[in-house]
$ cat final.txt   # compact mmCIF, C-alpha atoms
# COMPACT_ATOMS: atom_id res chain seq x y z
CA MET A 1 24.59 7.90 28.31
CA SER A 2 24.16 5.70 31.36
CA SER A 3 20.58 4.79 32.19
CA THR A 4 21.19 5.87 35.77
CA SER A 5 22.30 9.35 34.81
CA GLN A 6 19.97 12.30 35.26
CA HIS A 7 16.82 12.39 33.13
CA ASN A 8 14.21 15.11 33.14
CA HIS A 9 10.46 14.83 32.97
CA SER A 10 7.39 16.88 33.67
CA GLN A 11 6.17 16.43 37.25
CA LYS A 12 2.54 16.17 36.28
CA SER A 13 0.24 13.43 37.43
CA GLY A 14 0.06 10.71 34.79
CA THR A 15 3.11 11.87 32.80
CA SER A 16 5.40 9.05 31.69
CA TYR A 17 9.10 8.90 32.47
CA PRO A 18 11.69 8.29 29.74
CA ARG A 19 12.35 4.66 28.90
CA LEU A 20 15.76 3.54 30.22
CA ASN A 21 18.26 1.23 28.61
CA VAL A 22 19.23 -2.00 30.36
CA GLU A 23 22.85 -1.91 31.50
CA ALA A 24 25.38 -4.73 31.58
CA MET A 25 25.79 -6.85 34.69
CA ASP A 26 28.07 -5.40 37.36
CA PRO A 27 31.36 -7.35 36.87
CA GLN A 28 31.58 -7.79 40.66
CA LEU A 29 28.41 -9.90 40.61
CA THR A 30 29.84 -13.22 39.46
CA THR A 31 27.58 -15.10 41.91
CA ILE A 32 24.23 -14.40 43.57
CA GLN A 33 26.09 -13.92 46.89
CA PRO A 34 28.88 -11.43 46.13
CA GLY A 35 30.20 -11.29 49.71
CA GLY A 36 31.19 -14.96 49.65
CA GLY A 37 31.17 -16.83 52.97
CA ILE A 38 31.96 -20.14 54.63
CA ILE A 39 28.72 -21.86 53.59
CA ILE A 40 29.08 -21.00 49.91
CA ASN A 41 32.63 -22.39 49.97
CA LEU A 42 31.38 -25.59 51.62
CA GLU A 43 28.68 -25.93 48.96
CA MET A 44 31.22 -25.42 46.18
CA LEU A 45 33.41 -28.13 47.73
CA TRP A 46 30.44 -30.46 48.06
CA GLY A 47 29.53 -29.74 44.44
CA ARG A 48 32.89 -31.06 43.25
CA TRP A 49 32.39 -34.38 45.06
CA ARG A 50 28.76 -34.59 43.93
CA ARG A 51 29.68 -34.10 40.27
CA PHE A 52 32.45 -36.71 40.55
CA TRP A 53 29.99 -39.20 42.07
CA LEU A 54 27.32 -38.53 39.44
CA LYS A 55 29.72 -38.91 36.51
CA THR A 56 31.17 -42.09 38.00
CA PHE A 57 28.09 -43.92 39.29
CA ARG A 58 25.04 -42.23 37.70
CA ARG A 59 25.96 -41.72 34.07
CA GLY A 60 22.42 -42.41 32.91
CA TYR A 61 21.08 -39.65 35.13
CA VAL A 62 23.73 -37.23 33.84
CA GLN A 63 22.85 -38.01 30.21
CA LYS A 64 19.14 -37.61 30.93
CA MET A 65 19.62 -34.22 32.59
CA GLN A 66 21.89 -32.99 29.80
CA SER A 67 19.29 -33.97 27.20
CA LYS A 68 16.74 -31.74 28.95
CA ARG A 69 19.10 -28.85 29.62
CA LYS A 70 18.48 -25.63 27.74
CA GLY A 71 20.49 -22.49 27.14
CA ASP A 72 23.47 -21.73 24.94
CA PHE A 73 26.38 -21.36 27.34
CA ASN A 74 27.71 -22.47 30.72
CA PRO A 75 27.56 -19.55 33.19
CA CYS A 76 29.50 -21.42 35.88
CA PRO A 77 33.24 -21.92 36.47
CA HIS A 78 32.51 -25.67 36.73
CA GLU A 79 30.55 -28.33 34.86
CA VAL A 80 26.75 -28.14 34.99
CA LEU A 81 25.24 -31.62 35.39
CA ASP A 82 21.91 -30.71 36.97
CA PRO A 83 20.10 -27.60 38.31
CA ARG A 84 21.94 -27.74 41.64
CA ASP A 85 25.12 -26.65 39.88
CA LEU A 86 23.46 -23.36 38.86
CA LYS A 87 22.42 -22.28 42.37
CA TYR A 88 25.05 -19.57 42.90
CA HIS A 89 25.28 -18.55 39.24
CA GLU A 90 21.65 -18.25 38.14
CA ASN A 91 22.10 -14.47 37.76
CA GLN A 92 24.52 -15.05 34.87
CA GLY A 93 22.05 -16.41 32.30
CA GLY A 94 23.00 -19.39 30.14
CA TYR A 95 21.97 -22.97 31.00
CA TYR A 96 18.62 -23.70 32.63
CA TRP A 97 15.97 -26.40 32.97
CA ASP A 98 12.23 -25.98 32.60
CA PRO A 99 10.46 -26.41 35.96
CA ALA A 100 8.85 -29.63 34.73
CA ASP A 101 12.32 -31.08 34.05
CA ASP A 102 13.89 -29.87 37.28
CA PRO A 103 13.80 -32.63 39.94
CA PHE A 104 14.74 -30.05 42.58
CA ALA A 105 12.05 -27.48 41.78
CA TYR A 106 10.18 -28.58 44.93
CA ARG A 107 12.79 -26.75 47.02
CA SER A 108 11.29 -23.44 45.93
CA ARG A 109 7.94 -24.54 47.38
CA LEU A 110 9.32 -25.38 50.81
CA PRO A 111 8.33 -23.04 53.69
CA PHE A 112 11.99 -22.01 53.95
CA ALA A 113 14.11 -19.67 51.82
CA ARG A 114 15.80 -21.69 49.10
CA GLU A 115 18.84 -19.39 49.25
CA GLY A 116 19.28 -20.29 52.91
CA LEU A 117 18.71 -24.05 52.85
CA ALA A 118 22.42 -24.80 53.22
CA GLU A 119 22.76 -22.45 56.20
CA LEU A 120 19.57 -23.89 57.68
CA ILE A 121 20.90 -27.46 57.44
CA VAL A 122 24.44 -26.71 58.64
CA LEU A 123 23.61 -24.31 61.49
CA SER A 124 20.56 -26.18 62.79
CA THR A 125 22.59 -29.41 62.78
CA LEU A 126 25.34 -27.71 64.78
CA PHE A 127 22.99 -26.16 67.33
CA PHE A 128 20.52 -29.03 67.72
CA GLY A 129 23.31 -31.57 67.52
CA GLY A 130 25.28 -29.66 70.15
CA ALA A 131 22.21 -29.57 72.42
CA ALA A 132 21.69 -33.32 72.00
CA LEU A 133 25.37 -34.04 72.67
CA THR A 134 25.42 -31.84 75.80
CA THR A 135 22.24 -33.48 77.10
CA GLY A 136 23.71 -36.94 76.52
CA LEU A 137 26.91 -36.07 78.38
CA LEU A 138 24.96 -34.66 81.33
CA LEU A 139 22.82 -37.79 81.59
CA VAL A 140 25.66 -40.26 81.13
CA THR A 141 28.05 -38.60 83.57
CA GLY A 142 25.36 -37.76 86.12
CA ALA A 143 26.79 -34.25 86.48
CA ALA A 144 25.56 -32.19 89.42
CA GLY A 145 26.05 -28.79 90.99
CA TYR A 146 27.59 -25.96 88.98
CA ILE A 147 28.62 -28.26 86.14
CA ALA A 148 25.06 -29.51 85.71
CA ASN A 149 23.64 -25.99 85.86
CA PHE A 150 26.10 -24.78 83.26
CA GLY A 151 25.43 -27.81 81.07
CA TRP A 152 21.66 -27.41 81.08
CA LEU A 153 22.01 -23.66 80.45
CA LEU A 154 24.25 -24.44 77.47
CA THR A 155 21.69 -26.98 76.20
CA LEU A 156 18.88 -24.44 76.44
CA THR A 157 20.98 -21.80 74.68
CA LEU A 158 21.83 -24.15 71.82
CA LEU A 159 18.17 -25.15 71.45
CA LEU A 160 17.08 -21.50 71.29
CA LEU A 161 19.75 -20.70 68.74
CA GLY A 162 18.64 -23.66 66.62
CA LEU A 163 15.02 -22.55 66.79
CA GLU A 164 16.05 -19.00 65.81
CA ILE A 165 17.85 -20.32 62.73
CA VAL A 166 14.75 -22.26 61.68
CA TRP A 167 12.58 -19.21 62.34
CA PHE A 168 14.94 -16.87 60.50
CA PHE A 169 14.97 -18.82 57.23
CA ARG A 170 11.19 -19.29 57.04
CA ASN A 171 9.44 -18.32 53.82
CA PRO A 172 5.73 -17.68 54.48
CA ASN A 173 3.27 -17.34 51.62
CA ARG A 174 2.14 -13.77 50.97
CA LYS A 175 -1.00 -12.43 49.34
CA ILE A 176 0.08 -9.75 46.87
CA PRO A 177 -2.21 -6.68 46.54
CA THR A 178 -3.86 -6.36 43.13
CA GLU A 179 -4.85 -2.70 43.41
CA PRO A 180 -3.27 -0.56 40.66
CA GLY A 181 -0.80 2.16 41.55
CA VAL A 182 0.38 0.67 44.86
CA VAL A 183 3.97 0.23 46.04
CA VAL A 184 4.43 -2.72 48.39
CA SER A 185 7.16 -3.17 50.95
CA PRO A 186 10.31 -4.87 49.60
CA ALA A 187 11.11 -6.31 53.05
CA ASP A 188 9.69 -7.42 56.37
CA GLY A 189 10.65 -5.26 59.32
CA THR A 190 10.01 -1.90 60.96
CA LEU A 191 9.65 1.27 58.94
CA ASP A 192 12.04 3.65 60.69
CA THR A 193 12.72 6.51 58.26
CA ILE A 194 10.84 8.46 55.61
CA GLU A 195 12.79 11.19 53.83
CA GLU A 196 11.96 13.59 51.02
CA ILE A 197 14.73 14.06 48.47
CA GLU A 198 14.65 17.19 46.32
CA HIS A 199 16.48 15.54 43.45
CA HIS A 200 17.54 11.92 43.09
CA GLU A 201 19.86 11.12 40.19
CA TYR A 202 18.24 7.86 39.14
CA ILE A 203 14.65 9.03 39.69
CA GLY A 204 15.43 12.20 37.79
CA GLY A 205 13.58 14.49 40.19
CA PRO A 206 11.97 14.64 43.65
CA ALA A 207 11.82 11.32 45.46
CA ILE A 208 10.74 9.58 48.65
CA GLU A 209 13.20 7.35 50.51
CA ILE A 210 11.89 4.81 53.01
CA GLY A 211 14.21 2.84 55.29
CA ILE A 212 13.25 -0.54 56.79
CA PHE A 213 15.09 -2.18 59.68
CA LEU A 214 15.10 -5.98 59.77
CA SER A 215 15.83 -7.64 63.10
CA ILE A 216 17.03 -11.23 63.37
CA PHE A 217 13.41 -12.26 64.05
CA ASN A 218 12.05 -10.94 60.74
CA VAL A 219 11.69 -12.81 57.47
CA HIS A 220 14.68 -11.67 55.40
CA ILE A 221 13.44 -12.42 51.89
CA ASN A 222 13.28 -9.38 49.59
CA ARG A 223 10.46 -8.81 47.10
CA THR A 224 9.92 -6.37 44.27
CA PRO A 225 7.79 -3.33 45.28
CA VAL A 226 6.19 -3.05 41.83
CA ALA A 227 6.11 -4.95 38.57
CA GLY A 228 8.93 -3.88 36.28
CA LYS A 229 12.15 -4.57 34.40
CA ILE A 230 15.55 -4.70 36.06
CA ILE A 231 17.64 -1.91 34.54
CA LYS A 232 20.82 -2.23 36.53
CA LEU A 233 22.46 -3.95 39.51
CA ALA A 234 25.28 -2.33 41.45
CA TYR A 235 27.26 -3.98 44.23
CA ARG A 236 29.13 -1.72 46.65
CA PRO A 237 31.47 -3.30 49.24
CA GLY A 238 31.56 -1.53 52.59
CA LYS A 239 31.36 -1.79 56.35
CA CYS A 240 29.04 -3.88 58.51
CA LEU A 241 27.78 -1.25 60.95
CA ASN A 242 24.68 -1.79 63.07
CA ALA A 243 21.72 -1.40 60.68
CA LEU A 244 20.00 0.91 63.20
CA ARG A 245 22.71 3.52 62.74
CA PRO A 246 21.81 6.15 60.07
CA GLU A 247 25.27 6.03 58.52
CA SER A 248 24.83 2.32 57.76
CA THR A 249 22.75 3.28 54.69
CA ARG A 250 25.76 5.08 53.21
CA GLU A 251 28.72 3.11 54.54
CA ASN A 252 27.64 -0.55 54.74
CA GLU A 253 28.02 -3.17 52.06
CA ARG A 254 24.98 -3.07 49.81
CA LEU A 255 23.48 -4.19 46.54
CA GLU A 256 21.35 -1.72 44.59
CA VAL A 257 18.52 -2.91 42.35
CA TYR A 258 17.45 -0.35 39.77
CA LEU A 259 14.12 -1.14 38.13
CA GLN A 260 11.54 0.55 35.93
CA MET A 261 7.81 0.02 35.71
CA PRO A 262 6.23 -0.76 32.34
CA GLU A 263 4.18 1.57 30.14
CA PRO A 264 2.45 3.90 30.50
CA THR A 265 4.29 5.38 33.50
CA ASN A 266 7.86 4.01 33.04
CA ARG A 267 8.28 4.99 36.69
CA PRO A 268 11.83 4.26 38.00
CA MET A 269 12.49 2.84 41.48
CA LEU A 270 15.49 1.76 43.51
CA VAL A 271 15.77 -0.95 46.17
CA GLN A 272 18.90 -1.29 48.29
CA GLN A 273 19.84 -4.46 50.17
CA ILE A 274 22.13 -3.39 53.02
CA THR A 275 24.11 -5.54 55.44
CA GLY A 276 24.15 -5.05 59.22
CA ALA A 277 26.42 -5.89 62.15
CA ILE A 278 25.30 -9.54 62.09
CA ALA A 279 24.10 -9.88 58.49
CA ARG A 280 27.04 -9.99 56.11
CA ARG A 281 25.63 -11.92 53.18
CA ILE A 282 23.46 -10.35 50.50
CA VAL A 283 21.76 -12.65 47.98
CA CYS A 284 20.33 -11.33 44.70
CA ARG A 285 19.25 -13.90 42.10
CA ILE A 286 18.16 -11.56 39.31
CA LYS A 287 20.04 -9.96 36.41
CA PRO A 288 19.59 -6.87 34.22
CA GLY A 289 16.77 -7.33 31.73
CA ASP A 290 14.68 -9.61 33.96
CA GLU A 291 11.01 -8.67 34.20
CA LEU A 292 9.48 -9.27 37.62
CA THR A 293 5.93 -9.11 38.93
CA ARG A 294 4.88 -7.13 41.98
CA GLY A 295 5.83 -8.95 45.19
CA GLN A 296 8.08 -11.47 43.43
CA GLN A 297 11.02 -12.79 45.45
CA PHE A 298 14.43 -11.74 44.14
CA GLY A 299 16.84 -12.37 47.02
CA MET A 300 17.45 -12.08 50.74
CA ILE A 301 19.83 -10.68 53.36
CA LYS A 302 21.09 -13.23 55.84
CA LEU A 303 20.81 -12.46 59.59
CA GLY A 304 19.67 -8.91 60.45
CA SER A 305 19.95 -6.00 58.03
CA ARG A 306 18.35 -3.01 56.35
CA THR A 307 16.40 -2.40 53.13
CA VAL A 308 15.82 0.99 51.51
CA ILE A 309 13.39 1.88 48.74
CA VAL A 310 13.41 5.10 46.69
CA PHE A 311 10.52 6.07 44.41
CA PRO A 312 9.31 9.25 42.64
CA ARG A 313 7.47 11.95 44.59
CA GLU A 314 4.63 13.00 42.34
CA PRO A 315 1.39 14.97 42.68
CA GLY A 316 -1.26 12.63 44.01
CA LEU A 317 1.23 10.29 45.72
CA GLU A 318 -0.14 9.07 49.05
CA ILE A 319 2.16 7.56 51.70
CA LEU A 320 0.16 4.90 53.53
CA SER A 321 2.75 3.72 56.08
CA LYS A 322 4.46 5.65 58.85
CA PRO A 323 7.55 5.24 61.05
CA GLY A 324 7.09 2.46 63.58
CA ASP A 325 4.79 0.40 61.35
CA LYS A 326 5.51 -3.33 61.07
CA LEU A 327 5.81 -4.29 57.42
CA LEU A 328 5.39 -7.53 55.48
CA ALA A 329 7.28 -7.87 52.22
CA GLY A 330 4.99 -8.08 49.22
CA SER A 331 1.83 -7.49 51.29
CA THR A 332 2.08 -4.18 53.13
CA ILE A 333 1.29 -1.18 50.95
CA LEU A 334 3.80 1.64 51.47
CA ALA A 335 2.36 4.17 49.04
CA LYS A 336 -0.16 4.65 46.28
CA TYR A 337 -0.13 6.69 43.06
CA LYS A 338 -3.72 7.85 42.75
CA ALA A 339 -3.39 8.76 39.07
CA ASP A 340 -2.59 5.13 38.26
CA SER A 341 -5.70 3.97 40.11
CA GLU A 342 -7.82 6.33 38.06
CA SER A 343 -6.38 5.59 34.64
CA VAL A 344 -4.53 2.28 34.71
CA THR A 345 -5.96 -1.17 35.36
CA PRO A 346 -3.11 -3.70 35.33
CA ALA A 347 -3.52 -7.45 35.38
CA ALA A 348 -3.99 -8.86 38.87
CA GLU A 349 -0.91 -10.06 40.68
CA ALA A 350 -0.94 -13.58 42.06
CA SER A 351 0.02 -14.80 45.51
CA ASP A 352 3.00 -17.09 45.95
CA GLU A 353 0.63 -20.04 46.25
CA GLU A 354 -1.25 -19.13 43.08
CA LYS A 355 2.00 -18.67 41.13
CA ALA A 356 3.26 -22.06 42.29

$ encode --input "final.txt" --output "structure tokens"
Amino acid sequence: MSSTSQHNHSQKSGTSYPRLNVEAMDPQLTTIQPGGGIIINLEMLWGRWRRFWLKTFRRGYVQKMQSKRKGDFNPCPHEVLDPRDLKYHENQGGYYWDPADDPFAYRSRLPFAREGLAELIVLSTLFFGGAALTTGLLLVTGAAGYIANFGWLLTLTLLLLGLEIVWFFRNPNRKIPTEPGVVVSPADGTLDTIEEIEHHEYIGGPAIEIGIFLSIFNVHINRTPVAGKIIKLAYRPGKCLNALRPESTRENERLEVYLQMPEPTNRPMLVQQITGAIARRIVCRIKPGDELTRGQQFGMIKLGSRTVIVFPREPGLEILSKPGDKLLAGSTILAKYKADSESVTPAAEASDEEKA
């Protein structure tokens, strides 16, 4: 029986849910960015030239990295010479390097989303470079009148777009709540819907569904709402409707993350990464079987989108956020299971800074 099929349990405070089996990886998820895109294709092309250069001119480096490489199979459709080659295939298992042996581990500590570094470099170069080029042309030609006005307006527009790209891909440190029984927001944005569901198939009973709208000015990194094991990932191609429209939750492209909390509750939860009219690239780095801590980063949605979380509705559940609230992923507490606070004392979660 599929782990996401219906399962029954007693709706009593403190009662555990059945333990679910981890399912195989969705065959559509051959990379961490299933929707593809121009940037990923550019990176793949660059990777071919980079590997050729390394094998031709840096053979010692290649041998050194291969001696430190771990894992029993190559998860990529190309050679793996160093950790950069695994970027889009780290959800497939196989080869890896310990952080101490990874010369590019520092990229995860930058104040920008590692999944968006390529977009940050390419787009900011285009916008800032375009602004610099336009400014140079205006000064050299001594343009005046309507041409000058248009040129300076174009320069300002390009500068603002460049600043927005830098702002969009930021990755601020977050302090993760340590209080037991709490469910933190999986995304930055505005809480716009709270719905009660009489029976949710994966939850196996009554559930609460919370929708979060992410504008282009929000941080777009997704974090786990609770500590737990990834049971299943499901990618569903679809439309790219405006994320403010209610039907976007059902019709847009999305990636569903099914997870389950550890003993004693075994509480199941679902997080959906949903595209929007502008955002068309979902990134999810994890794989079934991974065990994540509360507030841990697992992916992002690039350029405006929506995130939905579904969790069990139980006696003693307290919803602590309301529609219109501004949320911070990993920090804002959406809800709290009082029974857990009374009977369970989990290990404290660490902030991003403490984990690093």

$ atom_distance --input "final.txt" --atom1 "atom CA of Val310 of chain A" --atom2 "atom CA of Val257 of chain A"
10.4 Å

$ closest_residue --input "final.txt" --among "A:Asp72, A:Glu256, A:Glu164, A:Glu23" --to "Gly299 of chain A" --atoms "all atoms listed in the file"
A:Glu256

$ closest_residue --input "final.txt" --among "A:Glu43, A:Glu318, A:Glu115, A:Glu198" --to "Ile282 of chain A" --atoms "all atoms listed in the file"
A:Glu115

$ atom_distance --input "final.txt" --atom1 "atom CA of Leu20 of chain A" --atom2 "atom CA of Ile231 of chain A"
7.2 Å

$ closest_residue --input "final.txt" --among "A:Pro268, A:Pro83, A:Gly130, A:Pro18" --to "Arg107 of chain A" --atoms "only C-alpha atoms"
A:Pro83

$ closest_residue --input "final.txt" --among "A:Gln260, A:Thr307, A:Gln273, A:Gln63" --to "Thr293 of chain A" --atoms "only C-alpha atoms"
A:Gln260

$ residues_around --input "final.txt" --residues "Leu81 of chain A" --least-positions-apart "5" --cutoff "10 Å" --atoms "only C-alpha atoms" --output "list in words"
Arg50, Arg51, Leu54, Lys55, Tyr61, Val62, Gln63, Lys64, Met65, Gln66, Arg69 and Leu86 of chain A

$ residues_around --input "final.txt" --residues "Tyr337 of chain A" --least-positions-apart "6" --cutoff "7 Å" --atoms "all atoms listed in the file" --output "PyMOL selection string"
chain A and resi 181-182+316-318

$ atom_distance --input "final.txt" --atom1 "atom CA of Pro262 of chain A" --atom2 "atom CA of Gly228 of chain A"
5.7 Å

$ closest_residue --input "final.txt" --among "A:Gly145, A:Gly162, A:Gly35, A:Gly211" --to "Gly324 of chain A" --atoms "all atoms listed in the file"
A:Gly211

$ build_atoms --input "final.txt" --residues "segment 224-240 of chain A" --atoms "N, CA and C atoms" --output "JSON list (two decimals), keeping the file's coordinate frame"
[["chain", "number", "residue", "atom", "x", "y", "z"],
["A", 224, "THR", "N", 10.01, -7.57, 45.08],
["A", 224, "THR", "CA", 9.92, -6.37, 44.27],
["A", 224, "THR", "C", 8.72, -5.53, 44.70],
["A", 225, "PRO", "N", 8.89, -4.20, 44.83],
["A", 225, "PRO", "CA", 7.79, -3.33, 45.28],
["A", 225, "PRO", "C", 6.73, -3.10, 44.21],
["A", 226, "VAL", "N", 7.11, -3.24, 42.95],
["A", 226, "VAL", "CA", 6.19, -3.05, 41.83],
["A", 226, "VAL", "C", 6.60, -4.02, 40.72],
["A", 227, "ALA", "N", 5.74, -4.17, 39.74],
["A", 227, "ALA", "CA", 6.11, -4.95, 38.57],
["A", 227, "ALA", "C", 7.02, -4.08, 37.70],
["A", 228, "GLY", "N", 8.05, -4.67, 37.12],
["A", 228, "GLY", "CA", 8.93, -3.88, 36.28],
["A", 228, "GLY", "C", 10.12, -4.66, 35.77],
["A", 229, "LYS", "N", 10.94, -3.98, 34.98],
["A", 229, "LYS", "CA", 12.15, -4.57, 34.40],
["A", 229, "LYS", "C", 13.37, -4.11, 35.20],
["A", 230, "ILE", "N", 14.31, -5.03, 35.38],
["A", 230, "ILE", "CA", 15.55, -4.70, 36.06],
["A", 230, "ILE", "C", 16.46, -3.97, 35.08],
["A", 231, "ILE", "N", 16.81, -2.73, 35.41],
["A", 231, "ILE", "CA", 17.64, -1.91, 34.54],
["A", 231, "ILE", "C", 19.12, -2.08, 34.85],
["A", 232, "LYS", "N", 19.42, -2.19, 36.14],
["A", 232, "LYS", "CA", 20.82, -2.23, 36.53],
["A", 232, "LYS", "C", 20.96, -2.81, 37.93],
["A", 233, "LEU", "N", 22.08, -3.50, 38.17],
["A", 233, "LEU", "CA", 22.46, -3.95, 39.51],
["A", 233, "LEU", "C", 23.83, -3.37, 39.82],
["A", 234, "ALA", "N", 23.99, -2.90, 41.05],
["A", 234, "ALA", "CA", 25.28, -2.33, 41.45],
["A", 234, "ALA", "C", 25.64, -2.83, 42.84],
["A", 235, "TYR", "N", 26.78, -3.48, 42.94],
["A", 235, "TYR", "CA", 27.26, -3.98, 44.23],
["A", 235, "TYR", "C", 28.32, -3.05, 44.77],
["A", 236, "ARG", "N", 28.19, -2.66, 46.04],
["A", 236, "ARG", "CA", 29.13, -1.72, 46.65],
["A", 236, "ARG", "C", 29.65, -2.31, 47.97],
["A", 237, "PRO", "N", 30.89, -2.80, 47.99],
["A", 237, "PRO", "CA", 31.47, -3.30, 49.24],
["A", 237, "PRO", "C", 31.54, -2.18, 50.28],
["A", 238, "GLY", "N", 31.52, -2.54, 51.54],
["A", 238, "GLY", "CA", 31.56, -1.53, 52.59],
["A", 238, "GLY", "C", 31.67, -2.14, 53.96],
["A", 239, "LYS", "N", 31.28, -1.37, 54.96],
["A", 239, "LYS", "CA", 31.36, -1.79, 56.35],
["A", 239, "LYS", "C", 30.17, -2.66, 56.74],
["A", 240, "CYS", "N", 30.16, -3.11, 57.97],
["A", 240, "CYS", "CA", 29.04, -3.88, 58.51],
["A", 240, "CYS", "C", 28.62, -3.24, 59.83]]
